[in-house]
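Undergrad: What follows is the file work.txt, containing compact mmCIF, C-alpha atoms:
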# COMPACT_ATOMS: atom_id res chain seq x y z
CA LYS Z 81 0.00 0.00 0.00
CA ALA Z 82 2.91 2.26 0.45
CA LEU Z 83 3.97 4.56 -2.36
CA GLN Z 84 7.60 3.73 -3.00
CA THR Z 85 10.14 5.84 -4.88
CA VAL Z 86 11.28 4.20 -8.09
CA LEU Z 87 13.52 5.89 -10.60
CA GLY Z 88 12.39 5.47 -14.15
CA ALA Z 89 14.50 5.77 -17.27
CA TRP Z 90 13.04 5.66 -20.73
CA GLU Z 91 15.70 5.57 -23.36
CA GLU Z 92 14.66 1.98 -24.13
CA GLU Z 93 11.01 2.87 -24.27
CA ARG Z 94 9.70 3.25 -27.78
CA SER Z 95 7.06 5.86 -27.07
CA LEU Z 96 9.52 7.95 -25.04
CA ARG Z 97 12.70 7.54 -27.07
CA TYR Z 98 12.80 11.10 -28.35
CA VAL Z 99 12.72 12.63 -24.90
CA LEU Z 100 15.79 14.82 -24.45
CA GLU Z 101 15.12 15.87 -20.86
CA PRO Z 102 14.61 14.73 -18.24
CA ALA Z 103 16.48 11.46 -18.83
CA THR Z 104 15.18 10.03 -15.58
CA ALA Z 105 12.60 10.90 -12.94
CA ALA Z 106 11.01 9.32 -9.88
CA ILE Z 107 8.01 7.42 -11.25
CA ASN Z 108 7.20 5.54 -8.04
CA ASN Z 109 5.44 2.27 -7.47
CA CYS Z 110 2.76 0.93 -5.15
CA GLU Z 111 3.84 -2.04 -3.08
CA GLY Z 112 2.62 -4.16 -0.27
CA PRO Z 113 -0.14 -6.65 0.39
CA CYS Z 114 -3.85 -5.92 0.39
CA GLY Z 115 -4.80 -7.15 3.81
CA PHE Z 116 -7.67 -6.11 6.00
CA PRO Z 117 -8.62 -3.34 6.37
CA LEU Z 118 -8.13 -2.78 2.66
CA ALA Z 119 -6.55 0.58 1.90
CA GLU Z 120 -8.50 2.76 -0.50
CA ALA Z 121 -10.54 -0.20 -1.73
CA ASN Z 122 -13.80 -0.03 -3.65
CA ASN Z 123 -16.78 -2.41 -3.35
CA HIS Z 124 -15.36 -4.85 -5.87
CA ALA Z 125 -11.97 -5.16 -4.14
CA ILE Z 126 -13.74 -5.65 -0.80
CA LEU Z 127 -15.88 -8.43 -2.29
CA LEU Z 128 -12.85 -10.18 -3.82
CA HIS Z 129 -11.17 -10.07 -0.41
CA SER Z 130 -14.31 -11.48 1.25
CA HIS Z 131 -14.45 -14.24 -1.34
CA GLU Z 132 -10.93 -15.31 -0.41
CA GLN Z 133 -11.45 -14.94 3.32
CA SER Z 134 -14.45 -17.28 3.10
CA GLY Z 135 -12.11 -19.99 1.79
CA GLN Z 136 -13.16 -19.91 -1.85
CA PRO Z 137 -10.39 -19.97 -4.46
CA LEU Z 138 -9.67 -16.74 -6.30
CA GLY Z 139 -7.66 -16.55 -9.51
CA ARG Z 140 -6.15 -13.24 -8.45
CA SER Z 141 -6.02 -11.58 -5.04
CA PRO Z 142 -6.59 -7.86 -4.72
CA CYS Z 143 -3.47 -6.00 -5.79
CA CYS Z 144 -2.05 -2.69 -4.53
CA VAL Z 145 -1.88 -0.50 -7.63
CA PRO Z 146 -1.62 3.19 -8.52
CA LEU Z 147 -4.99 4.92 -8.49
CA ARG Z 148 -3.77 8.34 -9.43
CA TYR Z 149 -0.92 9.63 -11.56
CA ALA Z 150 0.90 12.85 -12.31
CA ASP Z 151 1.90 13.81 -15.83
CA LEU Z 152 5.50 14.69 -16.65
CA GLN Z 153 6.54 17.68 -18.68
CA VAL Z 154 9.42 16.81 -20.99
CA VAL Z 155 11.35 18.27 -23.89
CA GLU Z 156 11.45 15.95 -26.85
CA LEU Z 157 12.65 15.93 -30.41
CA LYS Z 158 9.86 16.49 -32.85
CA GLY Z 159 10.31 17.08 -36.53
CA ALA Z 160 13.03 19.66 -37.03
CA GLY Z 161 13.26 20.93 -33.47
CA THR Z 162 12.61 20.54 -29.76
CA GLU Z 163 9.15 20.59 -28.27
CA ILE Z 164 7.85 20.86 -24.72
CA THR Z 165 5.32 18.05 -24.28
CA ILE Z 166 3.26 16.61 -21.46
CA LYS Z 167 3.52 12.84 -21.09
CA PRO Z 168 0.45 11.53 -19.24
CA ASN Z 169 0.37 9.03 -16.36
CA MET Z 170 4.11 8.92 -15.76
CA VAL Z 171 4.32 9.17 -11.97
CA ALA Z 172 2.23 7.18 -9.48
CA THR Z 173 0.92 9.48 -6.76
CA ARG Z 174 -1.68 7.44 -4.91
CA CYS Z 175 -2.14 3.76 -4.18
CA GLY Z 176 -5.09 1.52 -3.45
CA CYS Z 177 -6.36 -2.04 -3.57
CA ARG Z 178 -8.02 -3.35 -6.74
CA LYS L 4 -5.64 -10.16 -18.53
CA ALA L 5 -8.76 -12.15 -19.08
CA LEU L 6 -11.97 -11.09 -17.41
CA GLN L 7 -13.10 -14.12 -15.43
CA THR L 8 -16.55 -14.80 -14.02
CA VAL L 9 -16.61 -14.82 -10.24
CA LEU L 10 -19.77 -15.09 -8.20
CA GLY L 11 -19.93 -12.66 -5.32
CA ALA L 12 -22.02 -12.96 -2.19
CA TRP L 13 -22.26 -10.22 0.34
CA GLU L 14 -24.10 -11.30 3.41
CA GLU L 15 -20.82 -11.16 5.33
CA GLU L 16 -19.98 -7.74 3.99
CA ARG L 17 -20.71 -4.94 6.41
CA SER L 18 -21.54 -2.26 3.87
CA LEU L 19 -23.84 -4.63 1.96
CA ARG L 20 -25.48 -6.50 4.82
CA TYR L 21 -28.90 -4.95 4.38
CA VAL L 22 -29.20 -5.97 0.74
CA LEU L 23 -32.30 -8.13 0.32
CA GLU L 24 -31.89 -8.88 -3.39
CA PRO L 25 -29.94 -9.98 -5.24
CA ALA L 26 -28.17 -12.25 -2.77
CA THR L 27 -25.44 -13.04 -5.29
CA ALA L 28 -24.28 -11.79 -8.67
CA ALA L 29 -21.34 -12.28 -11.05
CA ILE L 30 -18.78 -9.70 -9.94
CA ASN L 31 -15.91 -10.99 -12.09
CA ASN L 32 -12.17 -10.73 -11.63
CA CYS L 33 -9.18 -9.88 -13.80
CA GLU L 34 -6.54 -12.56 -13.92
CA GLY L 35 -3.36 -13.41 -15.73
CA PRO L 36 0.16 -12.09 -15.99
CA CYS L 37 1.19 -8.73 -17.38
CA GLY L 38 3.65 -9.79 -20.02
CA PHE L 39 4.68 -8.00 -23.17
CA PRO L 40 2.86 -6.55 -24.98
CA LEU L 41 1.08 -5.18 -21.93
CA ALA L 42 -2.68 -5.20 -22.33
CA GLU L 43 -4.33 -1.85 -21.82
CA ALA L 44 -1.28 -0.44 -20.07
CA ASN L 45 -0.53 3.23 -19.47
CA ASN L 46 2.89 4.93 -19.54
CA HIS L 47 3.58 4.14 -15.89
CA ALA L 48 2.86 0.40 -16.25
CA ILE L 49 5.04 0.27 -19.37
CA LEU L 50 7.90 1.93 -17.48
CA LEU L 51 7.58 -0.47 -14.53
CA HIS L 52 7.73 -3.37 -16.99
CA SER L 53 10.80 -1.85 -18.68
CA HIS L 54 12.45 -1.40 -15.30
CA GLU L 55 12.07 -5.10 -14.58
CA GLN L 56 13.08 -6.20 -18.06
CA SER L 57 16.33 -4.25 -17.69
CA GLY L 58 17.20 -6.43 -14.71
CA GLN L 59 16.51 -3.93 -11.95
CA PRO L 60 14.57 -5.14 -8.92
CA LEU L 61 10.99 -3.98 -8.59
CA GLY L 62 8.98 -4.21 -5.38
CA ARG L 63 5.82 -4.99 -7.31
CA SER L 64 5.37 -6.13 -10.90
CA PRO L 65 2.56 -4.70 -12.99
CA CYS L 66 -0.71 -6.32 -12.01
CA CYS L 67 -3.78 -7.13 -14.11
CA VAL L 68 -6.61 -5.26 -12.41
CA PRO L 69 -10.10 -4.01 -13.24
CA LEU L 70 -10.08 -0.66 -15.00
CA ARG L 71 -13.81 -0.27 -15.36
CA TYR L 72 -16.77 -1.36 -13.30
CA ALA L 73 -20.52 -1.62 -13.57
CA ASP L 74 -22.80 -0.62 -10.72
CA LEU L 75 -25.37 -3.02 -9.34
CA GLN L 76 -28.95 -2.12 -8.61
CA VAL L 77 -30.17 -3.75 -5.40
CA VAL L 78 -33.09 -3.62 -3.00
CA GLU L 79 -32.00 -3.07 0.54
CA LEU L 80 -33.51 -2.48 3.94
CA LYS L 81 -33.42 1.14 4.92
CA GLY L 82 -35.15 2.61 7.90
CA ALA L 83 -38.70 1.32 8.06
CA GLY L 84 -38.89 -0.13 4.54
CA THR L 85 -37.22 -1.36 1.37
CA GLU L 86 -35.31 0.89 -0.96
CA ILE L 87 -33.97 0.46 -4.48
CA THR L 88 -30.32 1.57 -4.41
CA ILE L 89 -27.38 1.59 -6.77
CA LYS L 90 -24.20 0.10 -5.35
CA PRO L 91 -21.18 1.49 -7.24
CA ASN L 92 -18.21 -0.48 -8.59
CA MET L 93 -19.60 -3.93 -7.95
CA VAL L 94 -18.83 -5.74 -11.21
CA ALA L 95 -15.48 -5.67 -13.05
CA THR L 96 -16.08 -5.08 -16.77
CA ARG L 97 -12.65 -4.31 -18.19
CA CYS L 98 -9.11 -5.34 -17.31
CA GLY L 99 -5.68 -3.79 -17.81
CA CYS L 100 -2.14 -3.70 -16.49
CA ARG L 101 -1.21 -1.28 -13.72
CA GLN E 151 -47.21 -10.35 -24.56
CA LYS E 152 -45.62 -8.28 -21.79
CA ARG E 153 -45.72 -9.06 -18.11
CA ARG E 154 -48.13 -7.14 -15.89
CA CYS E 155 -47.39 -6.72 -12.21
CA ALA E 156 -48.98 -5.29 -9.12
CA TYR E 157 -47.41 -1.90 -8.41
CA LEU E 158 -46.72 -0.12 -5.11
CA ALA E 159 -43.80 2.22 -4.53
CA SER E 160 -42.67 5.10 -2.34
CA PRO E 161 -41.81 8.31 -4.26
CA SER E 162 -38.06 7.55 -4.27
CA ASN E 163 -38.57 3.95 -5.36
CA ALA E 164 -41.03 5.08 -8.01
CA LEU E 165 -38.18 6.99 -9.70
CA HIS E 166 -36.10 3.83 -9.98
CA LEU E 167 -39.06 1.68 -10.99
CA LYS E 168 -40.15 3.99 -13.79
CA GLU E 169 -37.58 2.60 -16.21
CA ALA E 170 -38.94 -0.93 -15.79
CA GLY E 171 -42.24 -0.09 -17.46
CA ASN E 172 -45.33 2.10 -17.68
CA VAL E 173 -47.26 2.55 -14.47
CA SER E 174 -51.02 2.80 -14.42
CA GLY E 175 -52.53 3.12 -10.97
CA ALA E 176 -51.72 -0.05 -9.03
CA GLU E 177 -50.40 -1.82 -12.12
CA GLN E 178 -47.10 -1.80 -14.09
CA LEU E 179 -46.58 -3.10 -17.63
CA CYS E 180 -43.04 -4.46 -17.85
CA GLY E 181 -40.87 -3.16 -20.69
CA HIS E 182 -38.37 -5.99 -20.84
CA THR E 183 -38.56 -8.38 -17.91
CA PRO E 184 -40.81 -11.43 -17.54
CA CYS E 185 -40.56 -11.12 -13.74
CA CYS E 186 -42.66 -9.42 -11.11
CA MET E 187 -41.09 -8.61 -7.74
CA GLY E 188 -42.60 -8.13 -4.33
CA TYR E 189 -41.13 -6.99 -1.01
CA PHE E 190 -43.27 -7.57 2.05
CA LYS E 191 -43.14 -6.99 5.79
CA LEU E 192 -44.06 -9.92 8.01
CA GLY E 193 -46.22 -9.34 11.03
CA TYR E 194 -49.18 -10.83 12.88
CA GLY E 195 -51.56 -10.79 9.91
CA PRO E 196 -50.86 -11.47 6.25
CA PRO E 197 -47.56 -10.13 4.79
CA ILE E 198 -47.82 -6.37 4.14
CA PRO E 199 -46.64 -5.13 0.69
CA ASP E 200 -43.80 -2.62 0.86
CA LEU E 201 -42.51 -2.48 -2.75
CA LEU E 202 -44.22 -4.11 -5.75
CA GLY E 203 -43.54 -3.86 -9.44
CA CYS E 204 -41.64 -5.20 -12.44
CA ASN E 205 -38.37 -6.77 -11.29
CA VAL E 206 -35.44 -4.35 -11.35
CA VAL E 207 -32.65 -6.42 -9.88
CA GLN E 208 -30.48 -8.93 -11.68
CA MET E 209 -32.13 -12.28 -11.02
CA GLU E 210 -34.21 -14.99 -12.67
CA CYS E 211 -37.82 -15.84 -11.80
CA PRO E 212 -38.33 -19.57 -12.13
CA GLU E 213 -41.50 -19.65 -10.00
CA SER E 214 -45.02 -18.84 -11.14
CA SER E 215 -46.20 -17.68 -7.73
CA CYS E 216 -44.82 -15.55 -4.94
CA PHE E 217 -43.60 -17.29 -1.80
CA SER E 218 -40.65 -17.15 0.56
CA SER E 219 -39.20 -18.85 3.61
CA HIS E 220 -36.38 -16.39 4.36
CA HIS E 221 -36.50 -12.96 5.89
CA MET E 222 -34.18 -10.21 7.02
CA GLU E 223 -35.43 -8.28 10.04
CA ASN E 224 -38.98 -9.38 9.11
CA PHE E 225 -38.75 -8.26 5.52
CA THR E 226 -39.11 -10.88 2.83
CA SER E 227 -39.31 -10.93 -0.96
CA CYS E 228 -40.15 -12.95 -4.04
CA VAL E 229 -39.89 -12.88 -7.82
CA CYS E 230 -42.34 -14.74 -10.02
CA ASN E 231 -43.24 -15.07 -13.68
CA THR E 232 -47.05 -14.68 -14.09
CA ASP E 233 -49.25 -11.60 -14.30
CA PHE E 234 -49.89 -9.97 -10.91
CA CYS E 235 -48.24 -12.91 -9.13
CA ASN E 236 -46.56 -10.39 -6.81
CA ALA E 237 -49.83 -9.04 -5.39
CA ASN E 238 -49.66 -11.49 -2.46
CA LEU E 239 -46.84 -13.41 -0.82
CA THR E 240 -47.26 -16.83 0.77
CA TRP E 241 -45.00 -17.11 3.80
CA LEU E 242 -43.68 -20.63 4.35
CA ALA E 243 -42.72 -20.45 8.00
CA GLN J 152 16.72 37.68 -6.47
CA LYS J 153 15.13 35.74 -9.32
CA ARG J 154 16.98 34.00 -12.11
CA ARG J 155 17.11 35.65 -15.54
CA CYS J 156 17.53 33.53 -18.65
CA ALA J 157 17.98 33.96 -22.35
CA TYR J 158 14.65 33.31 -24.07
CA LEU J 159 13.85 31.82 -27.48
CA ALA J 160 10.75 29.77 -28.21
CA SER J 161 8.48 28.68 -31.06
CA PRO J 162 4.83 29.73 -30.65
CA SER J 163 3.79 26.33 -29.27
CA ASN J 164 6.72 26.18 -26.86
CA ALA J 165 6.05 29.76 -25.80
CA LEU J 166 2.67 28.64 -24.44
CA HIS J 167 4.31 26.06 -22.20
CA LEU J 168 7.14 28.39 -21.19
CA LYS J 169 4.82 31.20 -20.16
CA GLU J 170 4.12 29.70 -16.76
CA ALA J 171 7.82 29.61 -15.91
CA GLY J 172 8.09 33.39 -15.79
CA ASN J 173 7.56 36.76 -17.44
CA VAL J 174 9.01 37.13 -20.92
CA SER J 175 10.47 40.39 -22.11
CA GLY J 176 11.91 40.23 -25.61
CA ALA J 177 14.81 37.77 -25.58
CA GLU J 178 14.80 37.50 -21.79
CA GLN J 179 12.73 35.55 -19.21
CA LEU J 180 12.50 36.25 -15.47
CA CYS J 181 11.98 32.95 -13.70
CA GLY J 182 9.07 32.74 -11.28
CA HIS J 183 10.31 29.85 -9.17
CA THR J 184 13.27 28.03 -10.62
CA PRO J 185 16.96 28.88 -10.18
CA CYS J 186 17.72 27.09 -13.48
CA CYS J 187 18.02 28.23 -17.06
CA MET J 188 17.69 25.66 -19.84
CA GLY J 189 18.98 25.60 -23.36
CA TYR J 190 18.37 23.24 -26.28
CA PHE J 191 20.75 23.57 -29.19
CA LYS J 192 21.32 21.98 -32.58
CA LEU J 193 24.85 20.92 -33.38
CA GLY J 194 26.25 21.60 -36.81
CA TYR J 195 29.39 22.91 -38.49
CA GLY J 196 29.52 26.23 -36.67
CA PRO J 197 28.65 27.03 -33.05
CA PRO J 198 25.61 25.26 -31.51
CA ILE J 199 22.38 26.86 -32.75
CA PRO J 200 19.78 27.75 -30.09
CA ASP J 201 16.43 25.98 -30.59
CA LEU J 202 14.68 26.51 -27.25
CA LEU J 203 15.90 28.80 -24.45
CA GLY J 204 14.26 29.89 -21.23
CA CYS J 205 13.63 29.20 -17.56
CA ASN J 206 13.84 25.47 -16.91
CA VAL J 207 10.48 23.71 -17.14
CA VAL J 208 11.42 20.09 -16.67
CA GLN J 209 12.03 18.28 -13.41
CA MET J 210 15.78 18.43 -12.92
CA GLU J 211 18.49 20.10 -10.84
CA CYS J 212 21.07 22.56 -12.20
CA PRO J 213 24.34 22.04 -10.38
CA GLU J 214 26.47 23.77 -13.02
CA SER J 215 27.01 27.50 -13.40
CA SER J 216 27.59 27.35 -17.15
CA CYS J 217 26.03 25.58 -20.10
CA PHE J 218 27.89 22.66 -21.61
CA SER J 219 27.19 19.17 -22.86
CA SER J 220 28.90 16.09 -24.28
CA HIS J 221 25.79 14.10 -25.23
CA HIS J 222 23.42 14.54 -28.12
CA MET J 223 20.40 12.89 -29.68
CA GLU J 224 20.25 13.21 -33.45
CA ASN J 225 22.49 16.30 -33.17
CA PHE J 226 20.34 18.00 -30.57
CA THR J 227 21.91 18.71 -27.21
CA SER J 228 20.89 20.52 -24.02
CA CYS J 229 22.02 21.98 -20.74
CA VAL J 230 20.70 23.44 -17.51
CA CYS J 231 22.70 25.94 -15.47
CA ASN J 232 22.27 28.21 -12.48
CA THR J 233 23.50 31.73 -13.35
CA ASP J 234 21.84 34.61 -15.17
CA PHE J 235 21.78 34.15 -18.96
CA CYS J 236 24.04 31.11 -18.68
CA ASN J 237 21.89 29.41 -21.32
CA ALA J 238 22.64 31.95 -24.04
CA ASN J 239 25.51 29.81 -25.37
CA LEU J 240 26.35 26.13 -25.11
CA THR J 241 29.90 24.79 -25.02
CA TRP J 242 30.06 21.48 -26.82
CA LEU J 243 32.59 19.06 -25.32
CA ALA J 244 33.12 16.70 -28.25
Mind converting the file's structure to structure tokens?

TA:
Amino acid sequence: KALQTVLGAWEEERSLRYVLEPATAAINNCEGPCGFPLAEANNHAILLHSHEQSGQPLGRSPCCVPLRYADLQVVELKGAGTEITIKPNMVATRCGCR
Amino acid sequence: KALQTVLGAWEEERSLRYVLEPATAAINNCEGPCGFPLAEANNHAILLHSHEQSGQPLGRSPCCVPLRYADLQVVELKGAGTEITIKPNMVATRCGCR
Amino acid sequence: QKRRCAYLASPSNALHLKEAGNVSGAEQLCGHTPCCMGYFKLGYGPPIPDLLGCNVVQMECPESSCFSSHHMENFTSCVCNTDFCNANLTWLA
Amino acid sequence: QKRRCAYLASPSNALHLKEAGNVSGAEQLCGHTPCCMGYFKLGYGPPIPDLLGCNVVQMECPESSCFSSHHMENFTSCVCNTDFCNANLTWLA
């Protein structure tokens, strides 16, 4: 459930390969188990958890994932020059159980 | 990544304990690994995947979770009588990697 | 041939029930469901109707008449698949 | 004492750069960053400015002058922390 700092680098990433700056940034990750009481869970996550707790098999347990993201402003190569662009959903800012 | 049928029951669930009908419904679950190419992934999930692929340790791998839900209309006990209510985010309808 | 059900609803429930079919007095003509629903309060006399109409929750109606043997805080319910079957509930104690 | 940077931007970049500080001709007064940024194209002569202004991407500026030894398809960049330091880039081949 905790938001952990993770440094991302994207030179290998096809959709981000023309980014000049920044070369890296903290993108973060959500980690940790989804135990009771479920953090930031919705009805569905609560029901999945109940299902498991009652002893029934579940193909996937609730997972702690990012619920909210921040965009990242970058400068990338575009056509004949450099362009300031906003890349969406780059940095995890809030975690919850789904 | 596949949307799997899962039957939910909520008599044990505190927030749903006054629901008269339905007693159960298919709530579904998202299952499966998040391998390449990532299904329905956003920039952040792609970067987490890249991070792992490059050999760096990651506290949590991308997870296949519900991205969209349907609400469920129920009849529940409220005060002195029965009331038709909409319970939000009860049924998973779409999966993706986060 | 569309299902016809007994109809009884509080103002707030009436809003939700509207989409299930046209209401005419104490009767509702179901737009798309073959099921009538009935919610009743148990007491000393016969079960008292609390909410009646075309079924609006996700469930099948295999029975032709309205009966129940389960309750929650003295409220019970049924779904059934014949015209006006929800007008009365038979309580199987 | 706010940072002052050399300023040069295409119309679309100017929109994004606006929020970084007031522009006055070929000069920008930074609202909140101590860093100037410069993006240059390498060629036969001195590096040609492509985008200059107050820094708008998430990064520190530990250097007082503008230099670089890396490029991507002949475009290079720097950030630096003194007034107008981004007016020229020194290319370290």

Undergrad: Could you please tell me, as a VMD selection string, which residues of chain J have an atom within 12 Å of chain Z when using all atoms listed in the file?

TA: chain J and resid 159 to 169 188 to 193 199 to 204 206 to 212 221 to 230

Undergrad: Give me, as a list in words, the contact residues of chain L against chain Z at a cut-off of 8 Å, counting all atoms listed in the file.

TA: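 That gives Gly11, Ala12, Trp13, Glu15, Glu16, Ile30, Asn32, Cys33, Glu34, Gly35, Asn45, Asn46, His47, Leu50, Leu51, Ser53, His54, Gly62, Arg63, Cys66, Val68, Pro69, Pro91, Asn92, Met93, Val94, Ala95 and Arg101 of chain L for chain L.
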
Undergrad: Write the residues of the preceding selection, restricted to C-alpha atoms, as a short mmCIF file (atom, residue, chain, number, x, y, z; two decimals), in the frame of the given file.

TA:
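This is the output file selection-v1.cif:
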data_model
loop_
_atom_site.label_atom_id
_atom_site.label_comp_id
_atom_site.auth_asym_id
_atom_site.auth_seq_id
_atom_site.Cartn_x
_atom_site.Cartn_y
_atom_site.Cartn_z
CA GLY L 11 -19.93 -12.66 -5.32
CA ALA L 12 -22.02 -12.96 -2.19
CA TRP L 13 -22.26 -10.22 0.34
CA GLU L 15 -20.82 -11.16 5.33
CA GLU L 16 -19.98 -7.74 3.99
CA ILE L 30 -18.78 -9.70 -9.94
CA ASN L 32 -12.17 -10.73 -11.63
CA CYS L 33 -9.18 -9.88 -13.80
CA GLU L 34 -6.54 -12.56 -13.92
CA GLY L 35 -3.36 -13.41 -15.73
CA ASN L 45 -0.53 3.23 -19.47
CA ASN L 46 2.89 4.93 -19.54
CA HIS L 47 3.58 4.14 -15.89
CA LEU L 50 7.90 1.93 -17.48
CA LEU L 51 7.58 -0.47 -14.53
CA SER L 53 10.80 -1.85 -18.68
CA HIS L 54 12.45 -1.40 -15.30
CA GLY L 62 8.98 -4.21 -5.38
CA ARG L 63 5.82 -4.99 -7.31
CA CYS L 66 -0.71 -6.32 -12.01
CA VAL L 68 -6.61 -5.26 -12.41
CA PRO L 69 -10.10 -4.01 -13.24
CA PRO L 91 -21.18 1.49 -7.24
CA ASN L 92 -18.21 -0.48 -8.59
CA MET L 93 -19.60 -3.93 -7.95
CA VAL L 94 -18.83 -5.74 -11.21
CA ALA L 95 -15.48 -5.67 -13.05
CA ARG L 101 -1.21 -1.28 -13.72
#

Undergrad: Do you have the atom CA of L:Glu14-atom CA of E:Phe217 distance handy?

TA: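 Here the two named atoms are 21.1 Å from each other.
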
Undergrad: Can you pull out the residues contacting J:Cys217? Cut-off 6 Å, using all atoms listed in the file, and skip same-chain residues under 6 positions away; I want them as a list in words.

TA: Cys229, Cys231, Asn237 and Leu240 of chain J

Undergrad: Output, as a short mmCIF file (atom, residue, chain, number, x, y, z; two decimals) with C-alpha atoms, keeping the file's coordinate frame, the coordinates of chain L following least-squares superposition onto chain Z across all in-order C-alpha pairs.

TA:
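Just written: result12.cif:
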data_model
loop_
_atom_site.label_atom_id
_atom_site.label_comp_id
_atom_site.auth_asym_id
_atom_site.auth_seq_id
_atom_site.Cartn_x
_atom_site.Cartn_y
_atom_site.Cartn_z
CA LYS L 4 0.06 -0.04 0.05
CA ALA L 5 2.97 2.26 0.50
CA LEU L 6 3.99 4.55 -2.31
CA GLN L 7 7.64 3.75 -2.96
CA THR L 8 10.17 5.85 -4.84
CA VAL L 9 11.32 4.22 -8.05
CA LEU L 10 13.56 5.92 -10.57
CA GLY L 11 12.43 5.49 -14.14
CA ALA L 12 14.53 5.79 -17.26
CA TRP L 13 13.07 5.68 -20.70
CA GLU L 14 15.70 5.56 -23.34
CA GLU L 15 14.69 1.97 -24.09
CA GLU L 16 11.03 2.86 -24.24
CA ARG L 17 9.70 3.22 -27.75
CA SER L 18 7.06 5.83 -27.04
CA LEU L 19 9.52 7.94 -25.02
CA ARG L 20 12.68 7.51 -27.08
CA TYR L 21 12.76 11.06 -28.39
CA VAL L 22 12.68 12.63 -24.93
CA LEU L 23 15.77 14.81 -24.50
CA GLU L 24 15.13 15.88 -20.91
CA PRO L 25 14.64 14.73 -18.29
CA ALA L 26 16.50 11.47 -18.86
CA THR L 27 15.21 10.04 -15.58
CA ALA L 28 12.64 10.92 -12.94
CA ALA L 29 11.05 9.33 -9.86
CA ILE L 30 8.05 7.43 -11.22
CA ASN L 31 7.23 5.57 -8.00
CA ASN L 32 5.48 2.27 -7.42
CA CYS L 33 2.79 0.95 -5.10
CA GLU L 34 3.84 -2.02 -3.05
CA GLY L 35 2.61 -4.17 -0.22
CA PRO L 36 -0.15 -6.65 0.43
CA CYS L 37 -3.86 -5.92 0.40
CA GLY L 38 -4.84 -7.15 3.82
CA PHE L 39 -7.74 -6.11 5.98
CA PRO L 40 -8.68 -3.34 6.34
CA LEU L 41 -8.15 -2.78 2.64
CA ALA L 42 -6.58 0.58 1.90
CA GLU L 43 -8.52 2.73 -0.50
CA ALA L 44 -10.56 -0.21 -1.74
CA ASN L 45 -13.82 -0.04 -3.67
CA ASN L 46 -16.80 -2.41 -3.38
CA HIS L 47 -15.37 -4.84 -5.92
CA ALA L 48 -11.99 -5.17 -4.16
CA ILE L 49 -13.77 -5.67 -0.83
CA LEU L 50 -15.89 -8.45 -2.35
CA LEU L 51 -12.85 -10.18 -3.86
CA HIS L 52 -11.19 -10.07 -0.44
CA SER L 53 -14.34 -11.48 1.19
CA HIS L 54 -14.46 -14.24 -1.39
CA GLU L 55 -10.95 -15.32 -0.46
CA GLN L 56 -11.50 -14.96 3.27
CA SER L 57 -14.48 -17.31 3.02
CA GLY L 58 -12.15 -20.00 1.72
CA GLN L 59 -13.14 -19.91 -1.93
CA PRO L 60 -10.37 -19.96 -4.52
CA LEU L 61 -9.65 -16.73 -6.35
CA GLY L 62 -7.62 -16.51 -9.54
CA ARG L 63 -6.12 -13.21 -8.47
CA SER L 64 -6.01 -11.57 -5.05
CA PRO L 65 -6.58 -7.85 -4.72
CA CYS L 66 -3.47 -5.98 -5.77
CA CYS L 67 -2.03 -2.69 -4.52
CA VAL L 68 -1.85 -0.50 -7.61
CA PRO L 69 -1.60 3.20 -8.47
CA LEU L 70 -4.96 4.94 -8.47
CA ARG L 71 -3.73 8.37 -9.41
CA TYR L 72 -0.89 9.65 -11.52
CA ALA L 73 0.93 12.87 -12.25
CA ASP L 74 1.94 13.84 -15.77
CA LEU L 75 5.52 14.70 -16.61
CA GLN L 76 6.57 17.68 -18.66
CA VAL L 77 9.43 16.82 -21.00
CA VAL L 78 11.33 18.27 -23.93
CA GLU L 79 11.42 15.94 -26.86
CA LEU L 80 12.60 15.89 -30.44
CA LYS L 81 9.78 16.44 -32.86
CA GLY L 82 10.19 17.01 -36.54
CA ALA L 83 12.91 19.57 -37.12
CA GLY L 84 13.18 20.87 -33.55
CA THR L 85 12.55 20.50 -29.83
CA GLU L 86 9.11 20.57 -28.32
CA ILE L 87 7.84 20.86 -24.76
CA THR L 88 5.29 18.06 -24.26
CA ILE L 89 3.27 16.62 -21.42
CA LYS L 90 3.53 12.86 -21.05
CA PRO L 91 0.45 11.54 -19.20
CA ASN L 92 0.40 9.05 -16.32
CA MET L 93 4.12 8.93 -15.72
CA VAL L 94 4.35 9.19 -11.93
CA ALA L 95 2.26 7.19 -9.43
CA THR L 96 0.93 9.51 -6.72
CA ARG L 97 -1.67 7.46 -4.87
CA CYS L 98 -2.11 3.77 -4.14
CA GLY L 99 -5.10 1.54 -3.42
CA CYS L 100 -6.37 -2.02 -3.56
CA ARG L 101 -8.01 -3.33 -6.72
#

Undergrad: Would you please work out which residue, of E:Cys180, E:Cys204, E:Pro212, E:Gln151, is nearest to E:Ala237 when using only C-alpha atoms?

TA: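 Checking each candidate against E:Ala237, we get E:Cys204 as the closest.
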
Undergrad: One decimal, Å: what's the distance from atom CA of J:Glu214 over to atom CA of J:Asn232, could you say?

TA: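 These atoms are spaced 6.1 Å apart.
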
Undergrad: Can you tell me how far atom CA of E:Phe234 sits from atom CA of E:Cys155, in Å to one decimal?

TA: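 For atom CA of E:Phe234 relative to atom CA of E:Cys155, the distance reads 4.3 Å.
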
Undergrad: Can you list, as a list in words, every protein, DNA or RNA residue that comes within 9 Å of E:Gln178 when you count all atoms listed in the file, leaving out same-chain residues fewer than 5 positions away?

TA: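 Residues near the query, excluding close chain neighbours: Arg153, Arg154, Cys155, Ala156, Tyr157, Ala170, Gly171, Asn172, Val173, Gly203 and Cys204 of chain E.
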